[in-house]
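As stored in final.txt (compact mmCIF, C-alpha atoms and all ligand atoms):
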```txt
# COMPACT_ATOMS: atom_id res chain seq x y z
CA MET A 1255 -10.69 -1.33 10.41
CA ASN A 1256 -13.89 -0.06 11.95
CA THR A 1257 -13.21 0.88 15.53
CA GLY A 1258 -16.87 1.55 16.29
CA ASP A 1259 -18.10 4.43 18.42
CA LEU A 1260 -15.53 6.92 19.64
CA PRO A 1261 -15.17 8.10 23.23
CA ALA A 1262 -16.82 11.53 23.51
CA ASP A 1263 -13.46 13.34 23.73
CA ARG A 1264 -11.89 11.66 20.66
CA GLN A 1265 -12.07 13.36 17.27
CA PRO A 1266 -12.11 11.16 14.17
CA ILE A 1267 -8.73 10.86 12.45
CA ALA A 1268 -8.56 13.41 9.63
CA ILE A 1269 -7.22 11.77 6.44
CA LEU A 1270 -5.96 13.26 3.19
CA LEU A 1271 -6.65 10.63 0.53
CA HIS A 1272 -4.22 10.92 -2.40
CA GLY A 1273 -5.29 8.96 -5.49
CA ALA A 1274 -8.94 9.21 -4.45
CA SER A 1275 -10.46 8.69 -7.91
CA GLY A 1276 -8.59 5.40 -8.44
CA ARG A 1277 -9.61 1.82 -7.70
CA MET A 1278 -7.92 1.84 -4.27
CA GLY A 1279 -9.09 5.37 -3.54
CA GLN A 1280 -12.71 4.39 -4.15
CA ALA A 1281 -12.38 1.36 -1.82
CA LEU A 1282 -10.94 3.62 0.90
CA LEU A 1283 -13.74 6.16 0.46
CA ARG A 1284 -16.38 3.43 0.75
CA LEU A 1285 -14.86 1.87 3.89
CA THR A 1286 -14.30 5.17 5.71
CA ALA A 1287 -17.85 6.34 4.96
CA ASP A 1288 -19.08 3.79 7.57
CA ASP A 1289 -16.34 4.38 10.14
CA PRO A 1290 -16.93 7.04 12.80
CA SER A 1291 -13.28 6.88 13.89
CA MET A 1292 -12.03 8.28 10.57
CA ARG A 1293 -12.92 11.11 8.24
CA ILE A 1294 -11.58 11.88 4.77
CA VAL A 1295 -11.12 15.67 4.96
CA ALA A 1296 -9.71 16.04 1.44
CA ALA A 1297 -9.53 13.88 -1.68
CA ALA A 1298 -6.79 14.46 -4.25
CA SER A 1299 -6.50 13.08 -7.78
CA GLN A 1300 -4.61 14.06 -10.90
CA THR A 1301 -7.61 15.89 -12.30
CA VAL A 1302 -10.81 16.95 -10.62
CA GLY A 1303 -14.34 17.18 -12.01
CA GLN A 1304 -16.58 18.36 -9.17
CA ARG A 1305 -15.17 20.53 -6.34
CA VAL A 1306 -17.03 18.56 -3.65
CA VAL A 1307 -18.19 14.91 -3.80
CA ASP A 1308 -20.31 13.43 -0.97
CA GLY A 1309 -19.27 16.37 1.22
CA ILE A 1310 -15.53 15.80 0.64
CA PRO A 1311 -13.55 18.65 -0.96
CA GLN A 1312 -11.61 17.57 -4.07
CA PHE A 1313 -8.14 18.79 -5.08
CA SER A 1314 -6.18 18.30 -8.29
CA ALA A 1315 -2.45 17.56 -8.45
CA THR A 1316 -1.67 21.28 -8.88
CA GLU A 1317 -3.79 22.28 -5.86
CA LEU A 1318 -2.27 20.08 -3.14
CA GLU A 1319 -0.91 23.11 -1.26
CA ASN A 1320 -4.51 24.15 -0.57
CA VAL A 1321 -5.71 21.02 1.24
CA PRO A 1322 -7.00 21.66 4.77
CA ALA A 1323 -5.23 20.36 7.90
CA PHE A 1324 -5.06 16.57 8.19
CA ASP A 1325 -3.64 14.04 10.68
CA VAL A 1326 -2.29 11.49 8.17
CA ALA A 1327 -2.10 11.08 4.39
CA ILE A 1328 -2.92 7.82 2.60
CA ASP A 1329 -1.43 7.59 -0.87
CA PHE A 1330 -2.45 5.03 -3.51
CA SER A 1331 -1.60 6.89 -6.70
CA MET A 1332 1.20 6.65 -9.26
CA PRO A 1333 4.98 7.13 -8.98
CA ALA A 1334 4.67 10.44 -10.87
CA ALA A 1335 2.49 11.74 -8.03
CA PHE A 1336 4.64 10.50 -5.15
CA ASP A 1337 7.13 13.39 -4.83
CA SER A 1338 4.43 15.98 -4.26
CA ILE A 1339 2.54 14.03 -1.56
CA LEU A 1340 5.80 13.29 0.25
CA ALA A 1341 6.76 16.99 0.07
CA LEU A 1342 3.36 18.01 1.44
CA CYS A 1343 3.59 15.59 4.39
CA LEU A 1344 7.08 16.89 5.21
CA GLU A 1345 5.94 20.49 4.97
CA ARG A 1346 2.95 19.83 7.27
CA GLY A 1347 4.88 17.45 9.56
CA VAL A 1348 2.30 14.64 9.30
CA PRO A 1349 2.65 10.88 8.75
CA LEU A 1350 2.37 9.23 5.34
CA VAL A 1351 0.93 5.78 4.62
CA CYS A 1352 1.92 4.86 1.07
CA GLY A 1353 0.87 1.89 -1.05
CA THR A 1354 2.00 3.26 -4.41
CA THR A 1355 4.21 0.74 -6.21
CA GLY A 1356 6.82 1.24 -8.92
CA LEU A 1357 8.75 3.93 -6.99
CA ASP A 1358 12.28 4.42 -8.35
CA ASP A 1359 15.45 4.31 -6.25
CA THR A 1360 15.55 8.10 -5.85
CA GLN A 1361 11.98 8.09 -4.52
CA LYS A 1362 12.74 5.22 -2.13
CA SER A 1363 15.77 7.16 -0.84
CA ALA A 1364 13.64 10.29 -0.43
CA LEU A 1365 11.10 8.28 1.58
CA ALA A 1366 13.85 6.87 3.80
CA ALA A 1367 15.25 10.37 4.36
CA ALA A 1368 11.77 11.72 5.14
CA SER A 1369 11.37 9.03 7.81
CA THR A 1370 13.88 10.89 9.98
CA ARG A 1371 11.37 13.79 10.13
CA ILE A 1372 7.92 12.17 9.93
CA ALA A 1373 6.38 8.74 10.53
CA THR A 1374 6.09 6.79 7.27
CA LEU A 1375 4.84 3.36 6.33
CA TRP A 1376 5.24 2.07 2.77
CA SER A 1377 4.09 -1.40 1.85
CA SER A 1378 3.78 -3.08 -1.51
CA ASN A 1379 0.84 -5.05 -0.12
CA PHE A 1380 -1.39 -4.14 2.83
CA SER A 1381 -3.13 -7.52 3.18
CA LEU A 1382 -2.65 -9.71 6.25
CA GLY A 1383 -2.50 -12.82 4.06
CA VAL A 1384 0.46 -11.53 2.07
CA ALA A 1385 2.30 -10.62 5.28
CA VAL A 1386 1.93 -14.26 6.35
CA LEU A 1387 2.86 -15.52 2.85
CA THR A 1388 6.05 -13.43 3.03
CA ALA A 1389 7.06 -15.01 6.34
CA LEU A 1390 6.25 -18.51 5.03
CA ALA A 1391 8.25 -17.92 1.84
CA GLU A 1392 11.33 -16.77 3.76
CA SER A 1393 11.09 -19.75 6.07
CA ALA A 1394 10.68 -22.17 3.12
CA ALA A 1395 13.70 -20.65 1.35
CA ARG A 1396 15.78 -21.15 4.46
CA ALA A 1397 14.69 -24.80 4.74
CA LEU A 1398 15.25 -25.59 1.03
CA PRO A 1399 18.79 -24.57 0.07
CA GLY A 1400 19.60 -25.23 -3.59
CA TRP A 1401 15.95 -25.47 -4.72
CA ASP A 1402 14.79 -23.30 -7.62
CA CYS A 1403 12.63 -20.39 -6.48
CA ASP A 1404 10.16 -18.73 -8.89
CA ILE A 1405 7.73 -15.92 -8.09
CA VAL A 1406 4.77 -15.72 -10.46
CA GLU A 1407 2.33 -12.80 -10.25
CA SER A 1408 -0.91 -12.03 -12.13
CA HIS A 1409 -2.73 -8.69 -12.17
CA HIS A 1410 -5.37 -6.81 -14.18
CA LYS A 1411 -4.24 -5.54 -17.55
CA ASN A 1412 -4.13 -1.86 -16.47
CA LYS A 1413 -1.34 -2.44 -13.97
CA LEU A 1414 1.76 -0.67 -15.23
CA ASP A 1415 4.67 -1.93 -13.11
CA ALA A 1416 6.04 -5.48 -13.45
CA PRO A 1417 7.10 -7.47 -11.52
CA SER A 1418 4.57 -6.20 -8.98
CA GLY A 1419 5.80 -4.48 -5.84
CA THR A 1420 4.54 -7.46 -3.86
CA ALA A 1421 6.53 -9.90 -6.01
CA LEU A 1422 9.68 -7.84 -5.42
CA SER A 1423 9.03 -7.77 -1.64
CA LEU A 1424 8.53 -11.56 -1.68
CA GLY A 1425 11.78 -11.78 -3.63
CA LEU A 1426 13.64 -9.85 -0.94
CA ALA A 1427 12.20 -12.18 1.71
CA VAL A 1428 13.35 -15.36 -0.06
CA GLU A 1429 16.75 -13.76 -0.67
CA HIS A 1430 17.01 -13.29 3.11
CA GLY A 1431 16.28 -17.00 3.32
CA GLY A 1432 19.12 -17.77 0.89
CA ALA A 1433 17.19 -18.31 -2.37
CA THR A 1434 17.76 -16.55 -5.70
CA PRO A 1435 14.29 -15.76 -7.07
CA ARG A 1436 13.23 -15.52 -10.71
CA TYR A 1437 10.12 -13.58 -11.68
CA ALA A 1438 7.25 -14.01 -14.16
CA SER A 1439 4.37 -11.55 -14.63
CA LEU A 1440 0.96 -11.96 -16.29
CA ARG A 1441 -1.41 -9.07 -17.10
CA ALA A 1442 -4.97 -10.20 -17.88
CA GLY A 1443 -8.59 -9.16 -17.41
CA ASP A 1444 -9.56 -7.77 -14.01
CA ILE A 1445 -7.41 -9.95 -11.71
CA VAL A 1446 -7.01 -8.05 -8.41
CA GLY A 1447 -3.72 -9.79 -7.58
CA GLU A 1448 -2.30 -13.32 -7.34
CA HIS A 1449 1.18 -14.27 -6.12
CA THR A 1450 2.74 -17.73 -6.20
CA VAL A 1451 6.10 -18.52 -4.65
CA GLN A 1452 7.21 -21.84 -6.07
CA PHE A 1453 10.12 -23.96 -4.81
CA THR A 1454 11.19 -26.78 -7.13
CA THR A 1455 13.81 -29.53 -7.07
CA ALA A 1456 14.15 -32.90 -8.81
CA GLY A 1457 10.93 -34.84 -8.21
CA GLU A 1458 9.07 -32.38 -5.97
CA ARG A 1459 7.57 -28.91 -5.86
CA ILE A 1460 6.03 -26.60 -3.25
CA GLU A 1461 3.66 -23.76 -4.18
CA LEU A 1462 2.66 -21.01 -1.76
CA ILE A 1463 -0.23 -19.01 -3.23
CA HIS A 1464 -2.11 -15.87 -2.23
CA ARG A 1465 -5.17 -14.71 -4.17
CA ALA A 1466 -6.70 -11.31 -3.50
CA GLY A 1467 -10.46 -11.36 -4.12
CA ASN A 1468 -11.06 -7.63 -3.77
CA ARG A 1469 -9.29 -4.38 -2.91
CA ASP A 1470 -10.93 -3.97 0.50
CA ILE A 1471 -8.22 -6.17 2.03
CA PHE A 1472 -5.58 -3.59 1.06
CA ALA A 1473 -7.76 -0.63 2.05
CA ARG A 1474 -8.43 -2.08 5.54
CA GLY A 1475 -4.72 -2.62 6.07
CA ALA A 1476 -3.92 0.94 5.00
CA LEU A 1477 -6.56 2.38 7.35
CA HIS A 1478 -5.21 0.26 10.20
CA ALA A 1479 -1.71 1.60 9.43
CA ALA A 1480 -3.00 5.20 9.28
CA ALA A 1481 -4.64 4.89 12.71
CA HIS A 1482 -1.41 3.46 14.07
CA LEU A 1483 0.83 6.21 12.67
CA VAL A 1484 -1.03 9.26 13.97
CA GLY A 1485 0.97 10.85 16.78
CA ARG A 1486 3.96 8.53 16.29
CA ALA A 1487 7.58 9.64 16.41
CA PRO A 1488 9.39 9.91 13.05
CA GLY A 1489 10.49 6.58 11.63
CA ALA A 1490 10.04 4.06 8.82
CA TYR A 1491 7.33 1.81 10.26
CA ARG A 1492 6.62 -1.65 8.79
CA LEU A 1493 3.29 -3.36 8.32
CA ALA A 1494 4.71 -6.54 9.82
CA ASP A 1495 5.24 -4.68 13.13
CA LEU A 1496 1.55 -3.74 13.25
CA ILE A 1497 0.11 -7.20 12.74
CA ARG A 1498 2.17 -9.20 15.21
N1 LIG A 1501 0.20 -1.60 -1.53
C1 LIG A 1501 -0.94 -2.22 -1.81
O1 LIG A 1501 -1.49 -3.01 -1.01
C2 LIG A 1501 -1.60 -1.93 -3.15
C3 LIG A 1501 -2.80 -2.54 -3.51
C4 LIG A 1501 -3.40 -2.17 -4.72
C5 LIG A 1501 -2.77 -1.22 -5.54
N2 LIG A 1501 -1.58 -0.69 -5.14
C6 LIG A 1501 -0.91 0.35 -5.90
O2 LIG A 1501 -1.63 1.57 -5.62
C7 LIG A 1501 -1.50 2.44 -6.74
C8 LIG A 1501 -2.89 2.86 -7.22
O3 LIG A 1501 -3.58 1.72 -7.68
P1 LIG A 1501 -5.05 1.85 -8.34
O4 LIG A 1501 -5.38 0.51 -8.86
O5 LIG A 1501 -5.96 2.52 -7.37
O6 LIG A 1501 -4.70 2.86 -9.55
P2 LIG A 1501 -5.69 3.74 -10.43
O7 LIG A 1501 -7.08 3.19 -10.38
O8 LIG A 1501 -5.03 3.91 -11.77
O9 LIG A 1501 -5.72 5.17 -9.68
C9 LIG A 1501 -4.59 6.02 -9.67
C10 LIG A 1501 -4.92 7.27 -8.88
O10 LIG A 1501 -3.76 8.11 -8.87
C11 LIG A 1501 -4.10 9.40 -9.40
N3 LIG A 1501 -2.95 9.96 -10.12
C12 LIG A 1501 -2.32 9.44 -11.20
N4 LIG A 1501 -1.30 10.24 -11.60
C13 LIG A 1501 -1.32 11.30 -10.75
C14 LIG A 1501 -0.54 12.48 -10.64
N5 LIG A 1501 0.48 12.75 -11.49
N6 LIG A 1501 -0.82 13.35 -9.60
C15 LIG A 1501 -1.84 13.08 -8.72
N7 LIG A 1501 -2.61 11.98 -8.81
C16 LIG A 1501 -2.36 11.10 -9.79
C17 LIG A 1501 -5.27 9.15 -10.34
O11 LIG A 1501 -5.98 10.36 -10.56
P3 LIG A 1501 -6.83 10.53 -11.95
O12 LIG A 1501 -7.97 9.55 -11.86
O13 LIG A 1501 -7.29 11.96 -11.90
O14 LIG A 1501 -5.87 10.22 -13.08
C18 LIG A 1501 -6.05 8.12 -9.49
O15 LIG A 1501 -6.75 8.78 -8.47
C19 LIG A 1501 -0.68 1.66 -7.79
O16 LIG A 1501 0.68 2.01 -7.64
C20 LIG A 1501 -0.91 0.21 -7.39
O17 LIG A 1501 0.13 -0.65 -7.83
C21 LIG A 1501 -1.00 -1.02 -3.97
```
Translate this file's structure into structure tokens.
Amino acid sequence: MNTGDLPADRQPIAILLHGASGRMGQALLRLTADDPSMRIVAAASQTVGQRVVDGIPQFSATELENVPAFDVAIDFSMPAAFDSILALCLERGVPLVCGTTGLDDTQKSALAAASTRIATLWSSNFSLGVAVLTALAESAARALPGWDCDIVESHHKNKLDAPSGTALSLGLAVEHGGATPRYASLRAGDIVGEHTVQFTTAGERIELIHRAGNRDIFARGALHAAAHLVGRAPGAYRLADLIR
């Protein structure tokens, strides 16, 4: 989201980017570089080479305590890194936008508990198209009782968690609609992300498909969420609430 020029009295939103060296982190850095309404004030990764890159101070996982003041954190890292970014946001009393998938139940509970003290928004998929796919899938499940429901997802071969977080979120949606989903996962090449929700019965089949062409769609959604969360009361915000 590029909000263009700022009114003279508005400071850009100061963002801590956690997972900055990763594929999503690099997309976020590129998009914010052109956006006067936002500024990455610190970039954190597991390990750090240079101390400053393009004017942005870099912090390793063991140096998070030292990051300067920020208005909101955006986290696209790994489950092993989640506890420390959540702890930092709680300690500083600032919102957290999190897209990291593969969190375990303890981490999900910790995020829910944190939401009573800070504003949080976790989403398995920050694209507008997947938000619409999720609503369509739930509605189809409701209209097709007794049909088989299969969720098939494909991602690049470096993705660790399976089924993807998005597939599991789609599964929850169709469960709300009364279906019992089954999952299949493919890991191949450099696929950014594809999700198919398939409803099948004797003689007919419906396929709802979303294909992500690049990571900017997720990065834009996360930046939109970050701008929305700054200054908000504590709570577990949902992406769906932001795009209505
Ligand atoms: N919600 C969505 O819309 C969405 C979209 C795409 C991806 N994702 C999820 O976002 C996450 C990141 O994806 P990606 O493709 O960007 O991954 P990636 O390229 O592997 O990057 C991972 C990042 O996390 C950092 N990291 C790993 N372990 C860490 C630790 N213990 N402490 C601190 N930092 C650590 C890495 O730092 P080093 O480089 O120093 O190791 C790197 O900066 C994954 O969970 C992925 O599934 C979500």
_For a quick check of understanding, using only C-alpha atoms, which of A:Leu1387, A:Met1332, A:Met1278, A:Leu1270 has the smallest distance to Ala1298 in chain A?_
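So, comparing all the options, the nearest one is A:Leu1270.
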*asked:* Let me see if you get this right: every residue at most 7 Å from ligand LIG 1501 (chain A), counting only C-alpha atoms and all ligand atoms, written as a ChimeraX atom specification.
replied: /A:1272-1279,1298-1302,1314-1315,1330-1335,1353-1356,1377-1381,1413,1469,1472
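The environment of Gly1467 in chain A within 10 Å, counting only C-alpha atoms and disregarding residues fewer than 6 places along the same chain, consists of A:Ile1445, A:Val1446, A:Gly1447, A:Glu1448.
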Might you pull out every residue within 10 Å of Val1428 in chain A, with all atoms listed in the file counted and same-chain residues fewer than 3 positions away left off, and present them as a PDB file with C-alpha atoms, in the coordinates of the input?
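Below is the file around10.pdb, written as the result:
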```pdb
ATOM      1  CA  THR A1388       6.050 -13.430   3.030  1.00  0.00           C
ATOM      2  CA  ALA A1389       7.060 -15.010   6.340  1.00  0.00           C
ATOM      3  CA  LEU A1390       6.250 -18.510   5.030  1.00  0.00           C
ATOM      4  CA  ALA A1391       8.250 -17.920   1.840  1.00  0.00           C
ATOM      5  CA  GLU A1392      11.330 -16.770   3.760  1.00  0.00           C
ATOM      6  CA  SER A1393      11.090 -19.750   6.070  1.00  0.00           C
ATOM      7  CA  ALA A1394      10.680 -22.170   3.120  1.00  0.00           C
ATOM      8  CA  ALA A1395      13.700 -20.650   1.350  1.00  0.00           C
ATOM      9  CA  ARG A1396      15.780 -21.150   4.460  1.00  0.00           C
ATOM     10  CA  CYS A1403      12.630 -20.390  -6.480  1.00  0.00           C
ATOM     11  CA  ASP A1404      10.160 -18.730  -8.890  1.00  0.00           C
ATOM     12  CA  ILE A1405       7.730 -15.920  -8.090  1.00  0.00           C
ATOM     13  CA  LEU A1422       9.680  -7.840  -5.420  1.00  0.00           C
ATOM     14  CA  SER A1423       9.030  -7.770  -1.640  1.00  0.00           C
ATOM     15  CA  LEU A1424       8.530 -11.560  -1.680  1.00  0.00           C
ATOM     16  CA  GLY A1425      11.780 -11.780  -3.630  1.00  0.00           C
ATOM     17  CA  GLY A1431      16.280 -17.000   3.320  1.00  0.00           C
ATOM     18  CA  GLY A1432      19.120 -17.770   0.890  1.00  0.00           C
ATOM     19  CA  ALA A1433      17.190 -18.310  -2.370  1.00  0.00           C
ATOM     20  CA  THR A1434      17.760 -16.550  -5.700  1.00  0.00           C
ATOM     21  CA  PRO A1435      14.290 -15.760  -7.070  1.00  0.00           C
ATOM     22  CA  VAL A1451       6.100 -18.520  -4.650  1.00  0.00           C
TER      23      VAL A1451
END
```
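For the pair CA of Ile1294 in chain A and CA of Ile1471 in chain A, the separation is 18.6 Å.
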